[in-house]
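S.K.: Here it is: the structure, laid out below.
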2 protein chains.
Amino acid sequence: MTLKKYNQGMSKIHLSPYEIILKKRNGGNLSELEIDFMVRGFNECAIPPYQFSSFLMAVFFRGMSEDEIFSLTKSMMNSGEVLSLSEISKYTVDKHSTGGVGDKVSIILAPLAAAGGVTVPMMCGRSLGHTGGTLDKLESIRGFRTNLSKKDFFRNLKKSKVAMMGQTEKIAPADKKIYALRDITATVDSIPLIAASIMSKKLAEGAKALLLDVKTGNGAFIKDIGDSEKLARLMVKIAKKMKRKCTAVITDMNQPLGYAIGNSLEIKECIETLHDRGPEDLKSLCVEFAAHMFLLGKKTKSIQAGKILALRLIKDGSAFRKLCEMAKNQGGDVKSLENPSLLPSAKYICRLKSAGKGYIKGINTHEIGLTAVMIGAGRKDLSSKIDPGAGIMLHKKIGDFTEKGEPLATIYTSRKNLTGYAKERLLDSFSISKTVPAKQKLIHRIIR
Amino acid sequence: MTLKKYNQGMSKIHLSPYEIILKKRNGGNLSELEIDFMVRGFNECAIPPYQFSSFLMAVFFRGMSEDEIFSLTKSMMNSGEVLSLSEISKYTVDKHSTGGVGDKVSIILAPLAAAGGVTVPMMCGRSLGHTGGTLDKLESIRGFRTNLSKKDFFRNLKKSKVAMMGQTEKIAPADKKIYALRDITATVDSIPLIAASIMSKKLAEGAKALLLDVKTGNGAFIKDIGDSEKLARLMVKIAKKMKRKCTAVITDMNQPLGYAIGNSLEIKECIETLHDRGPEDLKSLCVEFAAHMFLLGKKTKSIQAGKILALRLIKDGSAFRKLCEMAKNQGGDVKSLENPSLLPSAKYICRLKSAGKGYIKGINTHEIGLTAVMIGAGRKDLSSKIDPGAGIMLHKKIGDFTEKGEPLATIYTSRKNLTGYAKERLLDSFSISKTVPAKQKLIHRIIR
């Protein structure tokens with residue numbers, strides 16, 4: 001569709017990209033029509049990228065009202081296919097995380113919630129920046145297919161109540177195009193743009209209810225808790241305006257979640273957690289989230305009841321069995337889940353020893369994420385390949401005591417030449433103090 | 001040159017457009033190297049327009065330090081040919097106006113200053129937005145060529161001390177490219193970008209000294225006097241840093257200059273002024289400017305002496321003879337200057353009568369300019385042709401008394417169907433009051 005045709009369709013209302021950029025630049029409020037005109041125009045190549053990028057920068061500086069953000073979300077959502085999952089279940093619950101280091105929650109949570117009777121249609125992402133991606137983690141299970149057809153996705157959901165796949169090209173294509181432009185024009189970290197980007201996809205994916213994990217801290221994309229809260233409140237409002245149930249939980253990302261960072265290492269930790277032998281922080285977050293999903297999916301009447309159910313589903317093995325069932329549905333090697341030593345491993349292993357004695361006071365989580373990417377656990381650019389066995393296992397986290405020479409972390413990589421530099425970066429990421437630091441809060445706030 | 005080569009040339013300093021956009025967006029100060037990298041990269045197509053436009057929008061919001069603006073000016077200036085006029089004269093003086101309605105000063109001033117012994121190499125512009133362009137005005141003199149070769153330009157300057165032409169493609173090409181992008185991305189009205197744009201061209205054109213007419217008011221591109229002053233001070237500083245002499249005069253544009261608006265109408269008014277029969281405001285501004293140019297060109301020792309000289313050159317006919325000489329050099333029909341009734345005229349003439357009685361309190365100059373463009377005196381877009389005879393003659397200006405039914409203006413056009421609408425717009429542009437308004441100041445400030 002050309003802009004001219006759009007204008008004609010709009011019965012003589014004349015819209016011009018220039019006037020809309022100018023209006024936003026001068027702090028004006030754009031109408032639903034103006035926003036839709038910009039999004040459609042850019043998505044359909046009628047508005048050139050150089051006009052859209054200056055529009056994005058004006059939005060970065062001027063912000064957007066709630067109505068504007070809602071219009072933006074709707075236009076981006078409607079740029080592609082909007083799935084309806086009503087034939088599958090009345091209570092479908094999706095979960096999305098804004099991303100962090102060692103954030104493997106989805107891989108535990110999706111089968112756990114499904115084991116409790118909730119239908120979990122989950123479309124996940126790949127490694128981005130300093131963070132890993134759920135798809136990449138799942139693909140470290142040999143054979144696991146994340147590019148399901150819609151038919152297979154629906155069939156698996158009906159059969160097993162859970163399926164995890166990559167977003168199809170048809171979901172919110174305008175978001176993909178806009179994100180690619182934001183990524184190279186320094187307009188990623190804008191709360192209105194982040195909210196619209198996440199919600200346009202999640203709404204198009206069709207789940208009736210949504211649990212949002214908004215990470216905050218030095219390993220999150222949004223480091224300031226005030227900004228995280230703004231984003232969380234916005235997304236919940238958008239969801240409600242679109243008649244979806246939604247809960248947002250603001251969780252801490254001032255240190256990696258659990259101990260494992262890197263694809264097969266994280267799958268192993270997920271398996272351990274489903275066997276009730278996982279790290280305490282990871283387990284408690286998964287149980288909390290599962291309880292919210294049970295509530296959203298009308299399986300339990302309180303968070304407390306949901307937590308009890310979640311703990312039972314872990315202890316009796318049904319959550320782990322659900323993971324194996326999902327893996328089997330999607331072509332994954334179930335034997336490697338039963339015997340994790342069969343999962344990919346790295347060629348070289350080396351220990352990082354503490355240079356001092358004291359309590360771990362802080363961890364530069366962003367730097368740890370970047371180091372993991374560097375040694376092969378993530379992508380430096382679109383063309384780089386992931387090494388599924390590469391990663392970092394932490395041995396100490398905030399509040400732990402270490403003697404001088406005690407191991408702080410273990411590095412797994414196939415690139416021996418990088419281990420020296422990786423050790424240096426990791427060592428610099430830990431700060432040690434003589435005094436016991438305050439206990440870290442894992443859940444900062446819950447917004448419904 | 002590719003960016004890679006640029007980076008190599010810069011001995012391994014790695015520059016990235018993304019990082020530079022981000023730095024500016026976050027309020028950082030860019031180095032000369034970073035700015036040059038952006039300008040060259042964009043000019044040479046190594047940095048895509050969508051990155052440069054978001055950079056421009058970030059500059060719009062964050063502004064630039066004087067050092068940054070100076071670097072930007074230099075990079076744009078050095079993107080093309082930088083003329084040296086030293087073989088022509090030690091004292092070359094150019095003049096530039098930021099543009100207004102009825103601003104025909106250059107056409108009087110250039111021959112006047114040259115008649116006083118200053119060498120005036122003037123490169124002028126075309127009609128832009130609601131304003132006319134000196135080139136378009138000159139071209140309403142039959143045969144007048146504004147696209148001189150460098151050789152002809154230099155020869156005319158040596159022979160007659162004055163030549164007026166359009167900017168060649170070789171002067172500051174980066175400015176042309178950047179301006180075209182600003183024009184469609186709502187980043188025109190940024191003081192740092194305006195200053196760098198004007199000064200990069202004027203410095204590349206090579207005159208030793210420069211007189212800047214910074215217009216302010218409702219018919220100028222910059223309406224606020226504080227902003228006009230900021231721009232003027234900036235441009236004078238840039239000129240001095242580049243070892244050029246420079247004076248900026250902030251002049252009023254709350255009403256058109258003189259009475260004539262439109263190409264051949266303005267040429268007629270210029271001729272009248274050179275015969276000492278022109279409007280008082282136009283004459284006094286030309287005399288003031290000529291005095292500044294004599295001072296900059298070391299022809300007189302004071303403004304007072306310069307004014308006396310300018311008045312004498314008008315009265316004794318030498319300024320008018322210089323206009324004829326220049327026109328002859330450039331192929332223009334001198335007969336039409338001697339007998340202005342030979343200049344192009346419009347098909348239709350109609351009078352605009354005052355609807356009320358009282359003093360003219362204000363004139364919406366921008367609207368008058370747009371009306372003149374509409375009836376054929378300017379360009380609506382790059383493809384539209386100018387009607388040299390079209391325009392508006394005012395009969396009343398601010399402070400004048402009018403009876404009801406007295407003519408306020410006369411409309412000249414070849415498009416009869418537009419006269420009704422033009423009359424309506426013009427009538428709305430005049431505001432009339434019972435009380436005598438305060439006298440308009442013509443010159444607000446002089447900055448050296």
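Chain identifiers are assigned as A, B, and so on, following the order in which chains appear in the structure tokens; residues are numbered from 1 within each chain, and ligands are numbered from 1 in order of appearance.
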Which residues come within 8 Å of region 116-127 of chain B, counting only C-alpha atoms, excluding same-chain residues fewer than 5 positions away, as a PyMOL selection string?
M.R.: chain B and resi 89+91-96+110+132-136+157+161-167+205+207+293-294+297+299+309-310+313+378-379
S.K.: Output as JSON lines one row per residue of chain A within 8 Å of chain B: the closest atom pair and its distance in Å to one decimal place, counting only C-alpha atoms, sorted by chain and residue number ascending.
M.R.:
{"residue": "A:Tyr18", "atom": "CA", "partner": "B:Ile184", "partner_atom": "CA", "distance": 5.9}
{"residue": "A:Glu19", "atom": "CA", "partner": "B:Ala186", "partner_atom": "CA", "distance": 7.9}
{"residue": "A:Ile21", "atom": "CA", "partner": "B:Ala186", "partner_atom": "CA", "distance": 6.3}
{"residue": "A:Leu22", "atom": "CA", "partner": "B:Ala186", "partner_atom": "CA", "distance": 5.3}
{"residue": "A:Arg25", "atom": "CA", "partner": "B:Ala186", "partner_atom": "CA", "distance": 7.9}
{"residue": "A:Pro49", "atom": "CA", "partner": "B:Tyr50", "partner_atom": "CA", "distance": 5.4}
{"residue": "A:Tyr50", "atom": "CA", "partner": "B:Tyr50", "partner_atom": "CA", "distance": 3.7}
{"residue": "A:Gln51", "atom": "CA", "partner": "B:Thr185", "partner_atom": "CA", "distance": 5.4}
{"residue": "A:Phe52", "atom": "CA", "partner": "B:Tyr50", "partner_atom": "CA", "distance": 7.7}
{"residue": "A:Ser53", "atom": "CA", "partner": "B:Ser54", "partner_atom": "CA", "distance": 5.5}
{"residue": "A:Ser54", "atom": "CA", "partner": "B:Ser54", "partner_atom": "CA", "distance": 4.6}
{"residue": "A:Phe55", "atom": "CA", "partner": "B:Thr185", "partner_atom": "CA", "distance": 7.8}
{"residue": "A:Leu56", "atom": "CA", "partner": "B:Ser54", "partner_atom": "CA", "distance": 7.7}
{"residue": "A:Met57", "atom": "CA", "partner": "B:Ser54", "partner_atom": "CA", "distance": 5.8}
{"residue": "A:Ala58", "atom": "CA", "partner": "B:Met57", "partner_atom": "CA", "distance": 6.7}
{"residue": "A:Phe61", "atom": "CA", "partner": "B:Phe61", "partner_atom": "CA", "distance": 7.3}
{"residue": "A:Ile184", "atom": "CA", "partner": "B:Tyr18", "partner_atom": "CA", "distance": 5.9}
{"residue": "A:Thr185", "atom": "CA", "partner": "B:Gln51", "partner_atom": "CA", "distance": 5.4}
{"residue": "A:Ala186", "atom": "CA", "partner": "B:Leu22", "partner_atom": "CA", "distance": 5.4}
S.K.: Can you spit out the residues from that selection as an mmCIF file, in the first residue's frame, using N, CA, C and O atoms?
M.R.:
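The resulting file, part-v1.cif, is reproduced below:
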data_model
loop_
_atom_site.group_PDB
_atom_site.id
_atom_site.type_symbol
_atom_site.label_atom_id
_atom_site.label_comp_id
_atom_site.auth_asym_id
_atom_site.auth_seq_id
_atom_site.Cartn_x
_atom_site.Cartn_y
_atom_site.Cartn_z
ATOM 1 N N TYR A 18 6.568 13.993 7.563
ATOM 2 C CA TYR A 18 7.274 15.172 8.055
ATOM 3 C C TYR A 18 6.504 15.851 9.178
ATOM 4 O O TYR A 18 7.050 16.166 10.234
ATOM 5 N N GLU A 19 5.202 16.095 8.945
ATOM 6 C CA GLU A 19 4.394 16.798 9.948
ATOM 7 C C GLU A 19 4.307 15.989 11.238
ATOM 8 O O GLU A 19 4.261 16.546 12.335
ATOM 9 N N ILE A 21 6.584 13.755 12.385
ATOM 10 C CA ILE A 21 7.884 13.842 13.070
ATOM 11 C C ILE A 21 7.966 15.178 13.821
ATOM 12 O O ILE A 21 8.334 15.235 14.997
ATOM 13 N N LEU A 22 7.604 16.249 13.103
ATOM 14 C CA LEU A 22 7.673 17.594 13.684
ATOM 15 C C LEU A 22 6.790 17.701 14.930
ATOM 16 O O LEU A 22 7.199 18.248 15.957
ATOM 17 N N ARG A 25 8.423 15.791 17.697
ATOM 18 C CA ARG A 25 9.623 16.525 18.092
ATOM 19 C C ARG A 25 9.273 17.713 18.986
ATOM 20 O O ARG A 25 9.981 18.022 19.943
ATOM 21 N N PRO A 49 13.364 4.697 5.799
ATOM 22 C CA PRO A 49 13.997 4.496 7.112
ATOM 23 C C PRO A 49 14.544 5.791 7.708
ATOM 24 O O PRO A 49 14.523 5.957 8.930
ATOM 25 N N TYR A 50 15.031 6.723 6.881
ATOM 26 C CA TYR A 50 15.638 7.926 7.462
ATOM 27 C C TYR A 50 14.581 8.819 8.113
ATOM 28 O O TYR A 50 14.900 9.566 9.037
ATOM 29 N N GLN A 51 13.346 8.752 7.636
ATOM 30 C CA GLN A 51 12.297 9.503 8.333
ATOM 31 C C GLN A 51 11.863 8.752 9.589
ATOM 32 O O GLN A 51 11.656 9.347 10.636
ATOM 33 N N PHE A 52 11.794 7.436 9.490
ATOM 34 C CA PHE A 52 11.342 6.684 10.653
ATOM 35 C C PHE A 52 12.364 6.735 11.784
ATOM 36 O O PHE A 52 12.002 6.793 12.959
ATOM 37 N N SER A 53 13.648 6.744 11.446
ATOM 38 C CA SER A 53 14.657 6.783 12.509
ATOM 39 C C SER A 53 14.673 8.139 13.203
ATOM 40 O O SER A 53 14.917 8.217 14.413
ATOM 41 N N SER A 54 14.397 9.221 12.475
ATOM 42 C CA SER A 54 14.355 10.503 13.173
ATOM 43 C C SER A 54 13.085 10.598 14.014
ATOM 44 O O SER A 54 13.088 11.184 15.097
ATOM 45 N N PHE A 55 12.023 9.934 13.566
ATOM 46 C CA PHE A 55 10.803 9.822 14.376
ATOM 47 C C PHE A 55 11.115 9.068 15.683
ATOM 48 O O PHE A 55 10.736 9.511 16.774
ATOM 49 N N LEU A 56 11.835 7.965 15.570
ATOM 50 C CA LEU A 56 12.175 7.167 16.756
ATOM 51 C C LEU A 56 13.008 7.991 17.742
ATOM 52 O O LEU A 56 12.810 7.932 18.960
ATOM 53 N N MET A 57 13.963 8.769 17.212
ATOM 54 C CA MET A 57 14.800 9.583 18.101
ATOM 55 C C MET A 57 13.958 10.673 18.766
ATOM 56 O O MET A 57 14.170 10.988 19.949
ATOM 57 N N ALA A 58 12.995 11.221 18.047
ATOM 58 C CA ALA A 58 12.108 12.215 18.658
ATOM 59 C C ALA A 58 11.279 11.558 19.763
ATOM 60 O O ALA A 58 11.086 12.142 20.837
ATOM 61 N N PHE A 61 13.337 11.181 22.923
ATOM 62 C CA PHE A 61 13.480 12.391 23.741
ATOM 63 C C PHE A 61 12.157 12.871 24.334
ATOM 64 O O PHE A 61 12.128 13.351 25.450
ATOM 65 N N ILE A 184 20.399 0.000 15.369
ATOM 66 C CA ILE A 184 21.552 0.660 14.758
ATOM 67 C C ILE A 184 21.445 2.181 14.802
ATOM 68 O O ILE A 184 22.287 2.887 14.264
ATOM 69 N N THR A 185 20.399 2.702 15.454
ATOM 70 C CA THR A 185 20.263 4.161 15.522
ATOM 71 C C THR A 185 20.191 4.647 16.972
ATOM 72 O O THR A 185 19.741 5.770 17.228
ATOM 73 N N ALA A 186 20.628 3.799 17.906
ATOM 74 C CA ALA A 186 20.689 4.176 19.329
ATOM 75 C C ALA A 186 19.333 4.620 19.875
ATOM 76 O O ALA A 186 19.229 5.602 20.598
#
S.K.: Write out as an MDAnalysis selection string each polymer residue whose atoms come within 8 Å of Gly369 (chain B), counting only C-alpha atoms; drop sequence neighbours fewer than 5 positions from it.
M.R.: chainID B and resid 101 130:131 219 261
S.K.: What lies within 10 Å of region 282-285 of chain B using only C-alpha atoms, ignoring chain neighbours under 3 positions off, as a PyMOL selection string?
M.R.: chain B and resi 102-105+108-109+251+256-259+269-270+272-274+276-279+288-291+307+311+314+442-443
S.K.: What lies within 9 Å of Asn29 (chain A) using only C-alpha atoms, ignoring chain neighbours under 2 positions off, as a list in words?
M.R.: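 So, after excluding close chain neighbours, the residues are Lys23, Lys24, Gly27, Ser31, Met64, Ser65, Asp67 and Glu68 of chain A.
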S.K.: For the residues selected in the previous step, produce a file with N, CA, C and O atoms as an mmCIF file, in the first residue's frame.
M.R.:
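The result, written out as part.cif:
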data_model
loop_
_atom_site.group_PDB
_atom_site.id
_atom_site.type_symbol
_atom_site.label_atom_id
_atom_site.label_comp_id
_atom_site.auth_asym_id
_atom_site.auth_seq_id
_atom_site.Cartn_x
_atom_site.Cartn_y
_atom_site.Cartn_z
ATOM 1 N N LYS A 23 5.597 17.155 14.841
ATOM 2 C CA LYS A 23 4.646 17.213 15.957
ATOM 3 C C LYS A 23 5.234 16.495 17.172
ATOM 4 O O LYS A 23 5.204 17.030 18.290
ATOM 5 N N LYS A 24 5.769 15.313 16.968
ATOM 6 C CA LYS A 24 6.356 14.565 18.083
ATOM 7 C C LYS A 24 7.588 15.305 18.614
ATOM 8 O O LYS A 24 7.774 15.446 19.813
ATOM 9 N N GLY A 27 6.866 17.877 20.985
ATOM 10 C CA GLY A 27 6.216 17.468 22.227
ATOM 11 C C GLY A 27 4.727 17.237 22.104
ATOM 12 O O GLY A 27 4.037 17.093 23.111
ATOM 13 N N SER A 31 -2.171 11.148 17.254
ATOM 14 C CA SER A 31 -3.433 10.399 17.250
ATOM 15 C C SER A 31 -3.159 8.954 16.842
ATOM 16 O O SER A 31 -2.108 8.621 16.298
ATOM 17 N N MET A 64 6.126 9.131 25.099
ATOM 18 C CA MET A 64 4.791 8.942 24.527
ATOM 19 C C MET A 64 3.787 8.828 25.665
ATOM 20 O O MET A 64 4.105 8.302 26.735
ATOM 21 N N SER A 65 2.583 9.307 25.407
ATOM 22 C CA SER A 65 1.507 9.143 26.383
ATOM 23 C C SER A 65 1.056 7.681 26.360
ATOM 24 O O SER A 65 1.374 6.940 25.422
ATOM 25 N N ASP A 67 -1.863 6.563 25.740
ATOM 26 C CA ASP A 67 -2.689 6.345 24.549
ATOM 27 C C ASP A 67 -1.814 6.144 23.311
ATOM 28 O O ASP A 67 -2.099 5.298 22.471
ATOM 29 N N GLU A 68 -0.758 6.934 23.223
ATOM 30 C CA GLU A 68 0.143 6.796 22.073
ATOM 31 C C GLU A 68 0.806 5.415 22.069
ATOM 32 O O GLU A 68 0.920 4.764 21.030
#
S.K.: Counting only C-alpha atoms, what is within 12 Å of region 422-426 of chain A, bar same-chain residues fewer than 3 positions away, as a VMD selection string?
M.R.: chain A and resid 349 to 355 363 to 376 391 to 394 407 to 413 415 to 419 429 to 431
S.K.: Just C-alpha atoms for this one: save the residues we selected as a PDB file, in the first residue's frame.
M.R.:
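File part_20.pdb, as written:
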ATOM      1  CA  ILE A 349      37.785 -26.210  31.482  1.00  0.00           C
ATOM      2  CA  CYS A 350      39.601 -23.839  33.757  1.00  0.00           C
ATOM      3  CA  ARG A 351      39.130 -22.530  37.250  1.00  0.00           C
ATOM      4  CA  LEU A 352      39.084 -18.927  38.352  1.00  0.00           C
ATOM      5  CA  LYS A 353      40.545 -18.500  41.830  1.00  0.00           C
ATOM      6  CA  SER A 354      39.802 -15.697  44.234  1.00  0.00           C
ATOM      7  CA  ALA A 355      42.613 -13.175  44.588  1.00  0.00           C
ATOM      8  CA  ILE A 363      28.988  -8.924  40.712  1.00  0.00           C
ATOM      9  CA  ASN A 364      29.213  -6.994  37.435  1.00  0.00           C
ATOM     10  CA  THR A 365      26.562  -9.117  35.756  1.00  0.00           C
ATOM     11  CA  HIS A 366      26.691  -7.316  32.415  1.00  0.00           C
ATOM     12  CA  GLU A 367      30.423  -7.981  32.168  1.00  0.00           C
ATOM     13  CA  ILE A 368      29.933 -11.659  33.069  1.00  0.00           C
ATOM     14  CA  GLY A 369      27.319 -11.912  30.313  1.00  0.00           C
ATOM     15  CA  LEU A 370      29.682 -10.319  27.801  1.00  0.00           C
ATOM     16  CA  THR A 371      32.489 -12.669  28.847  1.00  0.00           C
ATOM     17  CA  ALA A 372      30.196 -15.674  28.321  1.00  0.00           C
ATOM     18  CA  VAL A 373      29.334 -14.351  24.832  1.00  0.00           C
ATOM     19  CA  MET A 374      33.029 -13.881  24.102  1.00  0.00           C
ATOM     20  CA  ILE A 375      33.968 -17.482  24.963  1.00  0.00           C
ATOM     21  CA  GLY A 376      31.215 -18.838  22.693  1.00  0.00           C
ATOM     22  CA  GLY A 391      29.815 -21.024  29.423  1.00  0.00           C
ATOM     23  CA  ILE A 392      30.606 -20.147  32.999  1.00  0.00           C
ATOM     24  CA  MET A 393      29.689 -21.890  36.253  1.00  0.00           C
ATOM     25  CA  LEU A 394      29.771 -19.605  39.270  1.00  0.00           C
ATOM     26  CA  PRO A 407      37.422 -21.111  43.125  1.00  0.00           C
ATOM     27  CA  LEU A 408      35.004 -18.292  42.200  1.00  0.00           C
ATOM     28  CA  ALA A 409      33.978 -19.735  38.839  1.00  0.00           C
ATOM     29  CA  THR A 410      34.771 -22.342  36.197  1.00  0.00           C
ATOM     30  CA  ILE A 411      35.137 -21.431  32.527  1.00  0.00           C
ATOM     31  CA  TYR A 412      34.016 -23.842  29.787  1.00  0.00           C
ATOM     32  CA  THR A 413      35.119 -23.072  26.244  1.00  0.00           C
ATOM     33  CA  ARG A 415      38.623 -21.420  22.451  1.00  0.00           C
ATOM     34  CA  LYS A 416      41.685 -22.003  24.595  1.00  0.00           C
ATOM     35  CA  ASN A 417      43.302 -18.754  23.522  1.00  0.00           C
ATOM     36  CA  LEU A 418      40.523 -16.759  25.170  1.00  0.00           C
ATOM     37  CA  THR A 419      40.693 -18.316  28.635  1.00  0.00           C
ATOM     38  CA  SER A 429      33.613  -8.664  37.815  1.00  0.00           C
ATOM     39  CA  PHE A 430      33.663  -9.774  41.447  1.00  0.00           C
ATOM     40  CA  SER A 431      34.021  -7.254  44.244  1.00  0.00           C
TER      41      SER A 431
END
S.K.: Using only C-alpha atoms, which protein or nucleic acid residues come within 9 Å of Phe144 (chain B)? Drop anything in the same chain fewer than 6 positions from it, and give the result as JSON, numbers by chain.
M.R.: {"B": [138, 327, 328, 329, 330, 331, 332, 333]}
S.K.: Write the selection just made, keeping N, CA, C and O atoms, as a CSV table (one decimal), in the first residue's frame?
M.R.:
chain,number,residue,atom,x,y,z
B,138,LEU,N,17.1,37.9,-9.8
B,138,LEU,CA,18.0,38.3,-10.8
B,138,LEU,C,17.5,37.8,-12.2
B,138,LEU,O,17.6,38.4,-13.2
B,327,ALA,N,24.9,43.4,-14.7
B,327,ALA,CA,23.9,42.7,-15.6
B,327,ALA,C,24.5,42.5,-17.0
B,327,ALA,O,24.3,41.4,-17.5
B,328,LYS,N,25.2,43.5,-17.5
B,328,LYS,CA,25.7,43.3,-18.9
B,328,LYS,C,26.8,42.2,-18.9
B,328,LYS,O,26.8,41.3,-19.7
B,329,ASN,N,27.6,42.2,-17.9
B,329,ASN,CA,28.7,41.1,-17.7
B,329,ASN,C,28.0,39.7,-17.8
B,329,ASN,O,28.6,38.8,-18.3
B,330,GLN,N,26.8,39.6,-17.2
B,330,GLN,CA,26.2,38.3,-17.0
B,330,GLN,C,25.1,38.1,-18.0
B,330,GLN,O,24.2,37.2,-17.8
B,331,GLY,N,25.1,38.9,-19.1
B,331,GLY,CA,24.1,38.6,-20.2
B,331,GLY,C,22.7,39.2,-20.0
B,331,GLY,O,21.8,38.9,-20.7
B,332,GLY,N,22.6,40.0,-18.9
B,332,GLY,CA,21.2,40.5,-18.6
B,332,GLY,C,20.9,41.7,-19.5
B,332,GLY,O,21.7,42.4,-20.0
B,333,ASP,N,19.6,41.9,-19.7
B,333,ASP,CA,19.0,42.9,-20.6
B,333,ASP,C,19.1,44.3,-19.8
B,333,ASP,O,18.2,44.6,-19.0
S.K.: Give the strand (DSSP E or B) residues of region 74-302 of chain A, as DSSP finds them on the backbone, and put them as a VMD selection string.
M.R.: chain A and resid 92 to 97 119 to 124 128 131 162 to 166 209 to 216 245 to 252 260 to 261
S.K.: Quick one: DSSP helix (DSSP H, G or I) residues in region 14-192 of chain A, as an MDAnalysis selection string?
M.R.: chainID A and resid 17:25 32:43 49:62 66:77 105:115 134:138 150:160 173:184 191:192
S.K.: Could you save those same residues with C-alpha atoms as a compact mmCIF listing (two decimals), in the first residue's frame?
M.R.:
# COMPACT_ATOMS: atom_id res chain seq x y z
CA PRO A 17 5.51 11.81 7.79
CA TYR A 18 7.27 15.17 8.06
CA GLU A 19 4.39 16.80 9.95
CA ILE A 20 4.15 13.80 12.30
CA ILE A 21 7.88 13.84 13.07
CA LEU A 22 7.67 17.59 13.68
CA LYS A 23 4.65 17.21 15.96
CA LYS A 24 6.36 14.56 18.08
CA ARG A 25 9.62 16.52 18.09
CA GLU A 32 -4.06 6.70 16.69
CA LEU A 33 -4.37 7.48 12.99
CA GLU A 34 -1.02 9.29 12.84
CA ILE A 35 0.80 6.49 14.65
CA ASP A 36 -0.79 3.81 12.50
CA PHE A 37 0.15 5.81 9.40
CA MET A 38 3.81 5.88 10.52
CA VAL A 39 3.99 2.18 11.45
CA ARG A 40 2.19 0.95 8.35
CA GLY A 41 4.07 3.34 6.13
CA PHE A 42 7.44 2.17 7.42
CA ASN A 43 6.47 -1.51 7.45
CA PRO A 49 14.00 4.50 7.11
CA TYR A 50 15.64 7.93 7.46
CA GLN A 51 12.30 9.50 8.33
CA PHE A 52 11.34 6.68 10.65
CA SER A 53 14.66 6.78 12.51
CA SER A 54 14.36 10.50 13.17
CA PHE A 55 10.80 9.82 14.38
CA LEU A 56 12.18 7.17 16.76
CA MET A 57 14.80 9.58 18.10
CA ALA A 58 12.11 12.22 18.66
CA VAL A 59 10.09 9.59 20.58
CA PHE A 60 13.21 8.76 22.60
CA PHE A 61 13.48 12.39 23.74
CA ARG A 62 9.79 13.32 24.03
CA GLU A 66 -0.22 5.90 27.39
CA ASP A 67 -2.69 6.34 24.55
CA GLU A 68 0.14 6.80 22.07
CA ILE A 69 1.95 3.69 23.34
CA PHE A 70 -1.27 1.73 23.13
CA SER A 71 -1.81 2.88 19.53
CA LEU A 72 1.78 2.00 18.65
CA THR A 73 1.41 -1.48 20.17
CA LYS A 74 -1.84 -2.11 18.30
CA SER A 75 -0.44 -1.00 14.94
CA MET A 76 2.63 -3.19 15.37
CA MET A 77 0.52 -6.15 16.53
CA VAL A 105 13.43 -19.71 34.04
CA SER A 106 11.23 -20.40 30.99
CA ILE A 107 12.71 -23.86 30.45
CA ILE A 108 11.73 -24.90 33.99
CA LEU A 109 8.56 -22.85 34.23
CA ALA A 110 6.83 -23.83 30.98
CA PRO A 111 6.75 -27.59 31.74
CA LEU A 112 6.08 -26.90 35.42
CA ALA A 113 3.00 -24.77 34.66
CA ALA A 114 1.82 -27.25 32.02
CA ALA A 115 2.22 -30.09 34.51
CA THR A 134 15.81 -19.55 25.45
CA LEU A 135 15.82 -20.88 21.87
CA ASP A 136 19.59 -21.25 21.86
CA LYS A 137 19.46 -23.04 25.21
CA LEU A 138 16.78 -25.48 24.02
CA LYS A 150 1.63 -23.51 13.33
CA LYS A 151 -0.06 -26.89 12.89
CA ASP A 152 2.60 -28.72 14.95
CA PHE A 153 2.60 -25.97 17.57
CA PHE A 154 -1.17 -26.27 18.00
CA ARG A 155 -1.08 -30.09 18.00
CA ASN A 156 1.62 -30.20 20.67
CA LEU A 157 -0.27 -27.70 22.80
CA LYS A 158 -3.45 -29.76 22.59
CA LYS A 159 -1.61 -32.97 23.37
CA SER A 160 0.87 -31.81 26.05
CA PRO A 173 6.65 -8.00 11.28
CA ALA A 174 6.58 -4.21 11.87
CA ASP A 175 8.20 -4.82 15.27
CA LYS A 176 11.03 -6.78 13.67
CA LYS A 177 11.64 -4.02 11.14
CA ILE A 178 11.45 -1.27 13.73
CA TYR A 179 13.67 -3.15 16.18
CA ALA A 180 16.34 -3.67 13.52
CA LEU A 181 16.33 0.09 12.88
CA ARG A 182 16.38 0.97 16.61
CA ASP A 183 19.31 -1.37 17.09
CA ILE A 184 21.55 0.66 14.76
CA ILE A 191 10.51 2.72 27.62
CA PRO A 192 7.57 3.43 25.27
S.K.: Calculate how many Å separate CA of Ile222 (chain B) from CA of Gly206 (chain B), rounding to one decimal.
M.R.: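 These two atoms are separated by 26.1 Å.
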S.K.: Calculate how many Å separate CA of Arg321 (chain A) from CA of Leu265 (chain A), rounding to one decimal.
M.R.: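 About the pair CA of Arg321 (chain A) and CA of Leu265 (chain A): they are 19.6 Å apart.
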